[in-house]
$ cat structure.csv   # CSV, C-alpha atoms
chain,number,residue,atom,x,y,z
W,1,MET,CA,-21.1,-3.9,-10.6
W,2,SER,CA,-17.4,-4.9,-10.4
W,3,LYS,CA,-15.4,-4.3,-7.2
W,4,GLN,CA,-13.6,-1.5,-9.1
W,5,GLY,CA,-16.9,0.1,-10.1
W,6,GLN,CA,-18.2,-0.1,-6.6
W,7,TYR,CA,-15.1,1.5,-5.3
W,8,ALA,CA,-15.3,4.4,-7.8
W,9,HIS,CA,-18.9,5.0,-6.9
W,10,ASP,CA,-18.5,4.6,-3.2
W,11,SER,CA,-20.7,7.4,-1.8
W,12,LYS,CA,-18.0,8.5,0.6
W,13,LEU,CA,-15.6,9.0,-2.3
W,14,LEU,CA,-18.2,10.9,-4.3
W,15,PHE,CA,-18.9,13.1,-1.3
W,16,PHE,CA,-15.2,13.8,-0.8
W,17,GLY,CA,-14.8,14.6,-4.5
W,18,LYS,CA,-17.7,16.9,-4.5
W,19,ILE,CA,-16.4,18.9,-1.6
W,20,ILE,CA,-12.9,19.2,-3.0
W,21,ALA,CA,-14.2,20.1,-6.5
W,22,SER,CA,-16.4,22.9,-5.1
W,23,ALA,CA,-13.6,24.3,-2.9
W,24,THR,CA,-10.9,24.2,-5.5
W,25,HIS,CA,-13.3,26.0,-8.0
W,26,GLU,CA,-13.6,28.8,-5.4
W,27,ILE,CA,-9.8,28.9,-5.0
W,28,LYS,CA,-9.4,29.2,-8.8
W,29,ASN,CA,-11.9,32.1,-8.8
W,30,ALA,CA,-9.8,33.8,-6.1
W,31,LEU,CA,-6.7,33.4,-8.2
W,32,ALA,CA,-8.5,34.7,-11.2
W,33,VAL,CA,-9.5,37.9,-9.3
W,34,ILE,CA,-5.8,38.3,-8.1
W,35,ASN,CA,-4.6,37.8,-11.7
W,36,GLU,CA,-6.9,40.6,-13.1
W,37,ASN,CA,-6.1,43.1,-10.3
W,38,ALA,CA,-2.4,42.4,-10.4
W,39,GLY,CA,-2.6,42.9,-14.2
W,40,LEU,CA,-4.3,46.2,-13.6
W,41,VAL,CA,-1.5,47.3,-11.3
W,42,ILE,CA,1.0,46.4,-14.0
W,43,ASP,CA,-1.0,48.3,-16.6
W,44,TYR,CA,-1.1,51.4,-14.4
W,45,SER,CA,2.7,51.1,-13.6
W,46,THR,CA,3.4,51.0,-17.4
W,47,MET,CA,1.2,54.1,-17.8
W,48,ARG,CA,3.2,55.9,-15.1
W,49,SER,CA,6.5,55.0,-16.8
W,50,GLU,CA,5.0,56.5,-20.0
W,51,GLY,CA,4.2,59.7,-18.2
W,52,VAL,CA,0.5,59.1,-17.3
W,53,SER,CA,-0.1,59.3,-13.6
W,54,PRO,CA,-3.1,57.4,-12.3
W,55,ASP,CA,-4.4,58.2,-8.8
W,56,LEU,CA,-2.2,56.6,-6.1
W,57,LYS,CA,-5.4,55.6,-4.3
W,58,ARG,CA,-6.2,53.4,-7.2
W,59,PHE,CA,-3.1,51.4,-6.4
W,60,GLU,CA,-4.2,51.1,-2.8
W,61,THR,CA,-7.6,49.8,-3.8
W,62,LEU,CA,-6.1,47.2,-6.2
W,63,ALA,CA,-3.6,46.0,-3.6
W,64,GLY,CA,-6.4,45.8,-1.0
W,65,ARG,CA,-8.4,43.6,-3.4
W,66,ILE,CA,-5.4,41.3,-3.9
W,67,VAL,CA,-4.9,41.0,-0.1
W,68,ASP,CA,-8.6,40.2,0.4
W,69,GLN,CA,-8.5,37.4,-2.3
W,70,VAL,CA,-5.3,35.9,-0.7
W,71,LYS,CA,-7.3,35.8,2.6
W,72,ARG,CA,-10.2,34.2,0.8
W,73,ALA,CA,-8.0,31.5,-0.8
W,74,ASP,CA,-6.2,30.9,2.5
W,75,LYS,CA,-9.5,30.4,4.3
W,76,LEU,CA,-10.7,27.9,1.7
W,77,LEU,CA,-7.4,26.0,2.0
W,78,LYS,CA,-7.8,25.9,5.8
W,79,ASN,CA,-11.3,24.5,5.4
W,80,ILE,CA,-10.2,21.8,3.0
W,81,ASN,CA,-7.4,20.9,5.5
W,82,LEU,CA,-9.9,20.7,8.4
W,83,PHE,CA,-12.2,18.6,6.3
W,84,SER,CA,-9.5,16.2,5.3
W,85,HIS,CA,-8.5,15.8,8.9
W,86,SER,CA,-12.0,14.6,9.8
W,87,LEU,CA,-10.7,11.2,8.6
W,88,ASP,CA,-8.0,11.1,11.2
W,89,GLU,CA,-10.0,9.6,14.1
W,90,PRO,CA,-12.7,7.0,13.7
W,91,LEU,CA,-14.3,8.3,16.9
W,92,ALA,CA,-13.9,11.7,18.5
W,93,THR,CA,-15.8,14.4,20.4
W,94,VAL,CA,-16.7,17.2,18.1
W,95,GLU,CA,-18.5,20.5,18.5
W,96,LEU,CA,-21.5,20.6,16.1
W,97,ASN,CA,-21.5,24.4,15.6
W,98,GLN,CA,-17.9,24.3,14.4
W,99,ILE,CA,-18.7,21.5,12.0
W,100,LEU,CA,-21.8,23.4,10.7
W,101,HIS,CA,-19.7,26.5,10.1
W,102,LEU,CA,-17.1,24.4,8.2
W,103,LEU,CA,-19.9,22.8,6.1
W,104,ALA,CA,-21.6,26.1,5.4
W,105,ALA,CA,-18.3,27.5,4.1
W,106,LEU,CA,-17.6,24.4,2.0
W,107,SER,CA,-21.2,24.3,0.6
W,108,PHE,CA,-21.2,28.1,-0.1
W,109,ARG,CA,-20.7,27.7,-3.9
W,110,ILE,CA,-23.1,24.7,-4.3
W,111,ALA,CA,-25.8,26.8,-2.6
W,112,SER,CA,-25.0,30.1,-4.4
W,113,MET,CA,-25.3,28.3,-7.8
W,114,GLN,CA,-28.9,27.6,-6.8
W,115,GLY,CA,-29.5,31.1,-5.6
W,116,VAL,CA,-29.6,30.0,-2.0
W,117,THR,CA,-27.7,31.1,1.1
W,118,ILE,CA,-26.7,29.2,4.2
W,119,GLN,CA,-26.6,30.7,7.7
W,120,VAL,CA,-25.5,29.0,11.0
W,121,LEU,CA,-27.5,30.1,13.9
W,122,PRO,CA,-25.3,30.7,17.0
W,123,SER,CA,-26.0,28.6,20.0
W,124,LYS,CA,-25.4,29.9,23.6
W,125,THR,CA,-23.6,26.7,24.7
W,126,PRO,CA,-21.3,24.3,22.9
W,127,VAL,CA,-23.1,21.3,21.4
W,128,GLU,CA,-20.8,18.3,21.6
W,129,ALA,CA,-21.2,14.9,20.2
W,130,THR,CA,-19.0,11.8,20.3
W,131,THR,CA,-19.1,10.1,16.9
W,132,SER,CA,-17.2,9.4,13.7
W,133,PRO,CA,-16.4,13.0,12.5
W,134,PHE,CA,-16.2,12.0,8.8
W,135,ILE,CA,-19.5,10.1,8.7
W,136,LEU,CA,-21.2,12.9,10.6
W,137,ILE,CA,-19.9,15.5,8.1
W,138,HIS,CA,-21.0,13.2,5.3
W,139,ILE,CA,-24.6,13.0,6.7
W,140,LEU,CA,-24.7,16.7,7.4
W,141,PHE,CA,-23.6,17.5,3.8
W,142,LEU,CA,-26.2,15.1,2.4
W,143,CYS,CA,-28.8,17.0,4.5
W,144,ILE,CA,-27.5,20.3,3.2
W,145,GLU,CA,-27.7,19.0,-0.4
W,146,PHE,CA,-31.3,17.9,0.1
W,147,ALA,CA,-32.1,21.2,1.8
W,148,ILE,CA,-30.8,23.1,-1.2
W,149,GLN,CA,-33.0,21.1,-3.5
W,150,ALA,CA,-36.0,21.8,-1.2
W,151,ALA,CA,-35.3,25.5,-1.0
W,152,ASP,CA,-36.5,28.2,-3.4
W,153,LYS,CA,-34.2,30.8,-5.1
W,154,GLY,CA,-33.6,33.6,-2.6
W,155,ASP,CA,-34.1,31.4,0.5
W,156,CYS,CA,-31.7,31.4,3.4
W,157,ILE,CA,-31.3,28.0,4.9
W,158,GLN,CA,-30.6,28.1,8.6
W,159,LEU,CA,-28.6,25.5,10.3
W,160,GLU,CA,-29.2,25.1,14.0
W,161,ALA,CA,-27.6,22.6,16.4
W,162,LYS,CA,-29.3,21.9,19.8
W,163,LYS,CA,-28.7,19.6,22.8
W,164,THR,CA,-31.7,17.3,23.4
W,165,GLU,CA,-32.6,14.9,26.2
W,166,THR,CA,-31.3,11.9,24.2
W,167,GLY,CA,-28.5,13.5,22.3
W,168,ASN,CA,-28.3,16.3,19.8
W,169,SER,CA,-30.3,17.6,16.8
W,170,VAL,CA,-29.6,19.8,13.8
W,171,ARG,CA,-32.4,21.7,12.1
W,172,PHE,CA,-32.2,22.7,8.4
W,173,GLY,CA,-34.8,25.2,7.2
W,174,PRO,CA,-37.1,26.9,6.5
W,175,LEU,CA,-37.4,25.1,3.1
W,176,SER,CA,-40.1,26.6,0.8
W,177,LYS,CA,-40.5,23.6,-1.4
W,178,LEU,CA,-40.2,20.8,1.3
W,179,GLU,CA,-43.9,20.1,1.0
W,180,GLN,CA,-43.7,19.6,-2.7
W,181,MET,CA,-40.7,17.2,-2.5
W,182,PRO,CA,-41.7,13.7,-3.4
W,183,ASP,CA,-40.7,11.1,-0.8
W,184,GLU,CA,-38.7,9.3,-3.4
W,185,THR,CA,-36.3,12.3,-3.6
W,186,TRP,CA,-35.4,11.7,0.0
W,187,HIS,CA,-35.0,8.0,-0.3
W,188,SER,CA,-32.9,8.3,-3.5
W,189,VAL,CA,-30.4,10.3,-1.6
W,190,SER,CA,-27.7,7.9,-0.4
W,191,ILE,CA,-28.3,9.1,3.2
W,192,SER,CA,-30.4,6.1,4.0
W,193,GLU,CA,-27.2,3.9,3.7
W,194,VAL,CA,-25.2,6.2,6.0
W,195,LEU,CA,-27.7,7.2,8.7
W,196,PRO,CA,-27.6,3.9,10.7
W,197,MET,CA,-23.8,3.9,10.8
W,198,ILE,CA,-23.7,6.5,13.6
W,199,LYS,CA,-27.2,6.0,15.0
W,200,THR,CA,-28.8,9.0,13.4
W,201,GLY,CA,-32.3,9.6,12.0
W,202,VAL,CA,-34.0,12.3,9.9
W,203,ILE,CA,-37.4,13.8,10.4
W,204,ALA,CA,-38.9,15.9,7.6
W,205,ASP,CA,-41.5,18.2,9.1
W,206,LYS,CA,-43.4,19.3,6.0
W,207,GLU,CA,-45.7,21.6,8.0
W,208,SER,CA,-42.9,23.8,9.4
W,209,GLY,CA,-40.7,23.3,6.3
W,210,ASN,CA,-37.8,22.0,8.3
W,211,ILE,CA,-35.8,18.8,8.3
W,212,VAL,CA,-34.2,17.7,11.6
W,213,LEU,CA,-31.3,15.4,12.0
W,214,VAL,CA,-31.5,13.5,15.3
W,215,LEU,CA,-28.2,12.2,16.8
W,216,SER,CA,-28.4,9.7,19.5
W,217,GLU,CA,-25.9,9.9,22.4
W,218,TYR,CA,-22.9,7.6,21.9
W,219,ARG,CA,-22.6,4.6,24.2
W,220,GLU,CA,-19.9,2.1,24.2
I,1,MET,CA,-16.1,47.0,-31.3
I,2,ARG,CA,-18.2,46.7,-28.2
I,3,ILE,CA,-17.8,44.0,-25.6
I,4,LEU,CA,-20.3,42.7,-23.0
I,5,LEU,CA,-18.7,41.1,-20.0
I,6,VAL,CA,-20.7,39.0,-17.5
I,7,ASP,CA,-19.1,37.2,-14.5
I,8,ASP,CA,-20.5,36.9,-11.0
I,9,GLU,CA,-17.1,37.7,-9.5
I,10,GLU,CA,-17.4,41.5,-9.4
I,11,GLU,CA,-13.7,42.2,-8.6
I,12,LEU,CA,-12.7,40.1,-11.6
I,13,VAL,CA,-15.1,41.4,-14.2
I,14,SER,CA,-14.7,45.1,-13.2
I,15,ALA,CA,-10.8,44.8,-13.4
I,16,LEU,CA,-11.0,43.0,-16.7
I,17,ALA,CA,-13.3,45.7,-18.0
I,18,GLU,CA,-10.9,48.4,-16.8
I,19,ARG,CA,-8.0,46.6,-18.5
I,20,LEU,CA,-9.9,46.5,-21.8
I,21,THR,CA,-10.8,50.2,-21.4
I,22,ILE,CA,-7.1,51.1,-20.9
I,23,ARG,CA,-6.5,49.3,-24.3
I,24,GLY,CA,-9.2,51.4,-25.9
I,25,ILE,CA,-11.8,48.7,-26.2
I,26,GLU,CA,-15.3,49.8,-25.4
I,27,ASN,CA,-17.1,47.5,-22.9
I,28,GLU,CA,-19.8,47.2,-20.3
I,29,TRP,CA,-19.8,44.7,-17.4
I,30,PHE,CA,-22.4,43.0,-15.3
I,31,THR,CA,-22.4,40.4,-12.5
I,32,ARG,CA,-25.8,38.9,-13.3
I,33,GLY,CA,-27.2,37.5,-16.5
I,34,SER,CA,-30.6,39.2,-15.8
I,35,GLU,CA,-28.9,42.6,-15.8
I,36,ALA,CA,-27.1,41.9,-19.1
I,37,LEU,CA,-30.4,40.8,-20.7
I,38,GLN,CA,-32.0,44.1,-19.5
I,39,ARG,CA,-29.1,46.1,-21.0
I,40,ILE,CA,-29.4,44.3,-24.3
I,41,ASP,CA,-32.9,45.7,-24.7
I,42,SER,CA,-31.3,49.1,-25.5
I,43,GLY,CA,-28.8,47.8,-28.0
I,44,CYS,CA,-26.6,44.8,-29.0
I,45,PHE,CA,-22.8,44.2,-28.5
I,46,ASP,CA,-20.4,42.6,-30.9
I,47,VAL,CA,-19.0,40.1,-28.5
I,48,ALA,CA,-20.2,38.7,-25.1
I,49,VAL,CA,-17.6,37.3,-22.7
I,50,LEU,CA,-19.5,35.1,-20.4
I,51,ASP,CA,-18.6,33.0,-17.3
I,52,ILE,CA,-19.9,29.5,-17.7
I,53,LYS,CA,-20.8,28.9,-14.0
I,54,MET,CA,-22.9,31.7,-12.6
I,55,PRO,CA,-25.8,31.5,-10.1
I,56,LYS,CA,-29.4,31.6,-11.6
I,57,ILE,CA,-28.4,32.0,-15.3
I,58,GLY,CA,-25.2,30.3,-16.4
I,59,GLY,CA,-23.2,31.4,-19.4
I,60,LEU,CA,-24.6,28.8,-21.8
I,61,GLU,CA,-28.2,29.6,-21.0
I,62,LEU,CA,-27.4,33.3,-21.2
I,63,ARG,CA,-26.0,32.8,-24.7
I,64,LYS,CA,-29.3,31.4,-26.0
I,65,LYS,CA,-31.2,34.3,-24.5
I,66,LEU,CA,-28.8,36.9,-25.9
I,67,GLU,CA,-28.7,35.3,-29.3
I,68,ASP,CA,-32.5,35.4,-29.5
I,69,ARG,CA,-32.3,39.2,-29.2
I,70,CYS,CA,-28.9,39.8,-31.0
I,71,PRO,CA,-28.4,37.0,-33.6
I,72,ASP,CA,-25.1,38.5,-34.8
I,73,MET,CA,-23.5,38.6,-31.4
I,74,LYS,CA,-20.4,36.3,-30.9
I,75,PHE,CA,-19.4,34.6,-27.7
I,76,ILE,CA,-16.3,33.8,-25.6
I,77,PHE,CA,-16.9,31.6,-22.6
I,78,LEU,CA,-14.8,31.8,-19.4
I,79,THR,CA,-14.3,28.4,-17.7
I,80,GLY,CA,-12.4,27.3,-14.6
I,81,TYR,CA,-11.0,24.1,-16.1
I,82,GLY,CA,-11.3,24.0,-19.9
I,83,PRO,CA,-13.1,21.6,-22.2
I,84,GLU,CA,-11.3,18.5,-20.8
I,85,LYS,CA,-13.2,19.1,-17.5
I,86,ASP,CA,-16.1,21.1,-18.8
I,87,LEU,CA,-17.4,19.0,-21.6
I,88,THR,CA,-20.5,21.2,-22.1
I,89,ILE,CA,-18.2,23.8,-23.7
I,90,GLU,CA,-17.0,21.6,-26.6
I,91,THR,CA,-20.5,21.6,-28.2
I,92,GLU,CA,-20.6,25.4,-28.0
I,93,ILE,CA,-17.4,26.1,-29.8
I,94,ASP,CA,-17.8,27.0,-33.4
I,95,GLY,CA,-16.8,29.9,-35.7
I,96,GLU,CA,-19.2,32.1,-33.7
I,97,SER,CA,-17.7,31.4,-30.3
I,98,ASP,CA,-14.6,30.4,-28.4
I,99,TYR,CA,-13.5,29.8,-24.8
I,100,LEU,CA,-10.8,30.8,-22.4
I,101,VAL,CA,-9.6,29.2,-19.2
I,102,LYS,CA,-9.3,31.3,-16.1
I,103,PRO,CA,-7.1,33.1,-15.0
I,104,VAL,CA,-7.5,35.2,-18.2
I,105,ASP,CA,-4.4,36.4,-20.1
I,106,ILE,CA,-5.6,39.7,-21.5
I,107,SER,CA,-3.5,39.4,-24.7
I,108,ILE,CA,-5.0,36.0,-25.4
I,109,LEU,CA,-8.5,37.3,-24.8
I,110,ILE,CA,-7.9,40.2,-27.3
I,111,ASN,CA,-6.5,37.7,-29.8
I,112,LYS,CA,-9.6,35.5,-29.4
I,113,ILE,CA,-11.9,38.5,-30.0
I,114,LYS,CA,-9.9,39.4,-33.1
I,115,GLY,CA,-10.1,35.7,-34.3
I,116,LEU,CA,-13.9,36.0,-34.2
I,117,PHE,CA,-13.8,39.0,-36.5
I,118,PRO,CA,-11.2,38.3,-39.2
I,119,ASP,CA,-12.4,41.2,-41.3
I,120,ARG,CA,-12.4,43.8,-38.4
I,121,ARG,CA,-9.0,43.1,-36.9
I,122,ASP,CA,-8.0,46.7,-37.2
I,123,ASP,CA,-11.0,47.8,-35.1
I,124,ILE,CA,-9.5,46.3,-32.0
$ encode --input "structure.csv" --output "structure tokens"
Amino acid sequence: MSKQGQYAHDSKLLFFGKIIASATHEIKNALAVINENAGLVIDYSTMRSEGVSPDLKRFETLAGRIVDQVKRADKLLKNINLFSHSLDEPLATVELNQILHLLAALSFRIASMQGVTIQVLPSKTPVEATTSPFILIHILFLCIEFAIQAADKGDCIQLEAKKTETGNSVRFGPLSKLEQMPDETWHSVSISEVLPMIKTGVIADKESGNIVLVLSEYRE
Amino acid sequence: MRILLVDDEEELVSALAERLTIRGIENEWFTRGSEALQRIDSGCFDVAVLDIKMPKIGGLELRKKLEDRCPDMKFIFLTGYGPEKDLTIETEIDGESDYLVKPVDISILINKIKGLFPDRRDDI
């Protein structure tokens, strides 16, 4: 493959593109909802000027919907902004629960298209890791993508970060179809290229239906 | 003229339905393809307006299932980005179907519906 071809198919760029495409699709949906409900307000205003008086509560409901969708789009934009800033520092101390919440929000649409939901389990204490934030987010996203493939329609994939003796771990599961997933599926995912970059490893526990990402403690 | 609307964004599809009702166009809306398929068992619609990307059953798959039961039904697809980004739509567009890029302009939607029924323009 030419250098240009390699650049265009760089897994980091593909990952970045996938996240932005999914989030902007969601923003477009929020704008479409705003458009329809604002259109309805105009329709009812026109009817009022023609002597037909719709219930004022209807206006309140429509305005409320518009406000909610503006909040939805704003949250999406904040998440894209946070995600983009993960490239700022090559090495930083991050809180894993915050990153899992960000990824759960950014993967919402990808999961919902497969009929799957994602839930971050709260942890009592912060789970901090010193690492490359962008590579960590990339690996966590690849794990979420794999988890979505290994989940059945209607499943809720839990994400749980924990402190361990040698570093941290993140669990993805339960995954109903993990046992049926051929090993090649896992190896074909570009994760094997990225995992060693920040000293991480993945364990697929087919018996419990969970995959666990193990992050070793950072040492200079 | 009876329109079937299916989009997983409830606040979009319900508002669109209400706007069509205000304009005297009979319609029913659903947020899931499976619900629309159930409804079809008790009678067909003239046109189905379907979102392309929906969980479980997307618009293109839903079209095939609806066509099996209602062969005369026509289709308008709603897409976020249009055929330049959503190439799957291009193959679906013929005299029996059309597409519209979100956000929807209601007057363009109504014109597209009229365009699918050149002999029944006065019905709408």
$ atom_distance --input "structure.csv" --atom1 "atom CA of I:Leu20" --atom2 "atom CA of I:Phe117"
17.0 Å
$ interface_residues --input "structure.csv" --of "chain W" --to "chain I" --cutoff "8 Å" --atoms "all atoms listed in the file" --output "number ranges by chain"
W: 25, 28-29, 31-37, 39-40, 43, 65, 112-115
$ residues_near_point --input "structure.csv" --point "(-28.1, 37.9, -28.5)" --cutoff "10 Å" --atoms "all atoms listed in the file" --output "list in words"
Leu37, Ile40, Asp41, Gly43, Cys44, Phe45, Asp46, Val47, Ala48, Leu62, Arg63, Lys64, Lys65, Leu66, Glu67, Asp68, Arg69, Cys70, Pro71, Asp72, Met73, Lys74 and Phe75 of chain I
$ residues_around --input "structure.csv" --residues "W:Thr117" --least-positions-apart "2" --cutoff "8 Å" --atoms "only C-alpha atoms" --output "MDAnalysis selection string"
chainID W and resid 108 111:112 115 119 154:157
$ closest_atom_pairs --input "structure.csv" --of "stretch 128-175 of chain W" --to "stretch 89-96 of chain W" --cutoff "7 Å" --atoms "all atoms listed in the file" --output "CSV"
residue,atom,partner,partner_atom,distance
W:Glu128,CA,W:Glu95,CA,4.4
W:Ala129,CA,W:Thr93,CA,5.4
W:Thr130,CA,W:Thr93,CA,4.1
W:Thr131,CA,W:Leu91,CA,5.1
W:Ser132,CA,W:Leu91,CA,4.5
W:Pro133,CA,W:Ala92,CA,6.6
W:Ala161,CA,W:Leu96,CA,6.4
$ residues_around --input "structure.csv" --residues "I:Lys112" --least-positions-apart "3" --cutoff "9 Å" --atoms "only C-alpha atoms" --output "list of chain:residue names"
I:Ile76, I:Asp98, I:Tyr99, I:Leu100, I:Ser107, I:Ile108, I:Leu109, I:Gly115, I:Leu116, I:Phe117
$ residues_near_point --input "structure.csv" --point "(-32.8, 19.8, -1.1)" --cutoff "9 Å" --atoms "all atoms listed in the file" --output "JSON, numbers by chain"
{"W": [142, 143, 144, 145, 146, 147, 148, 149, 150, 151, 175, 177, 178, 181, 185, 186]}
$ residues_around --input "structure.csv" --residues "W:Lys71" --least-positions-apart "4" --cutoff "12 Å" --atoms "only C-alpha atoms" --output "ChimeraX atom specification"
/W:27,30-31,34,64-67,75-78
$ write_last_selection --input "structure.csv" --atoms "C-alpha atoms" --output "short mmCIF file (atom, residue, chain, number, x, y, z; two decimals), in the coordinates of the input"
data_model
loop_
_atom_site.label_atom_id
_atom_site.label_comp_id
_atom_site.auth_asym_id
_atom_site.auth_seq_id
_atom_site.Cartn_x
_atom_site.Cartn_y
_atom_site.Cartn_z
CA ILE W 27 -9.80 28.90 -5.00
CA ALA W 30 -9.80 33.80 -6.10
CA LEU W 31 -6.70 33.40 -8.20
CA ILE W 34 -5.80 38.30 -8.10
CA GLY W 64 -6.40 45.80 -1.00
CA ARG W 65 -8.40 43.60 -3.40
CA ILE W 66 -5.40 41.30 -3.90
CA VAL W 67 -4.90 41.00 -0.10
CA LYS W 75 -9.50 30.40 4.30
CA LEU W 76 -10.70 27.90 1.70
CA LEU W 77 -7.40 26.00 2.00
CA LYS W 78 -7.80 25.90 5.80
#
$ residues_around --input "structure.csv" --residues "W:Gln98" --least-positions-apart "3" --cutoff "10 Å" --atoms "all atoms listed in the file" --output "ChimeraX atom specification"
/W:94-95,101-104,120,126-128
$ atom_distance --input "structure.csv" --atom1 "atom CA of W:Gly17" --atom2 "atom CA of W:Ile118"
20.7 Å
$ residues_around --input "structure.csv" --residues "W:Lys162" --least-positions-apart "3" --cutoff "12 Å" --atoms "all atoms listed in the file" --output "PyMOL selection string"
chain W and resi 95-97+100+120-129+159+165-172+212-215
$ write_last_selection --input "structure.csv" --atoms "C-alpha atoms" --output "short mmCIF file (atom, residue, chain, number, x, y, z; two decimals), in the frame of the given file"
data_model
loop_
_atom_site.label_atom_id
_atom_site.label_comp_id
_atom_site.auth_asym_id
_atom_site.auth_seq_id
_atom_site.Cartn_x
_atom_site.Cartn_y
_atom_site.Cartn_z
CA GLU W 95 -18.50 20.50 18.50
CA LEU W 96 -21.50 20.60 16.10
CA ASN W 97 -21.50 24.40 15.60
CA LEU W 100 -21.80 23.40 10.70
CA VAL W 120 -25.50 29.00 11.00
CA LEU W 121 -27.50 30.10 13.90
CA PRO W 122 -25.30 30.70 17.00
CA SER W 123 -26.00 28.60 20.00
CA LYS W 124 -25.40 29.90 23.60
CA THR W 125 -23.60 26.70 24.70
CA PRO W 126 -21.30 24.30 22.90
CA VAL W 127 -23.10 21.30 21.40
CA GLU W 128 -20.80 18.30 21.60
CA ALA W 129 -21.20 14.90 20.20
CA LEU W 159 -28.60 25.50 10.30
CA GLU W 165 -32.60 14.90 26.20
CA THR W 166 -31.30 11.90 24.20
CA GLY W 167 -28.50 13.50 22.30
CA ASN W 168 -28.30 16.30 19.80
CA SER W 169 -30.30 17.60 16.80
CA VAL W 170 -29.60 19.80 13.80
CA ARG W 171 -32.40 21.70 12.10
CA PHE W 172 -32.20 22.70 8.40
CA VAL W 212 -34.20 17.70 11.60
CA LEU W 213 -31.30 15.40 12.00
CA VAL W 214 -31.50 13.50 15.30
CA LEU W 215 -28.20 12.20 16.80
#
$ atom_distance --input "structure.csv" --atom1 "atom CA of W:Ile203" --atom2 "atom CA of W:Ile135"
18.4 Å
$ closest_residue --input "structure.csv" --among "I:Arg120, I:Ser42, I:Arg2, I:Ile113" --to "I:Thr21" --atoms "all atoms listed in the file"
I:Arg2
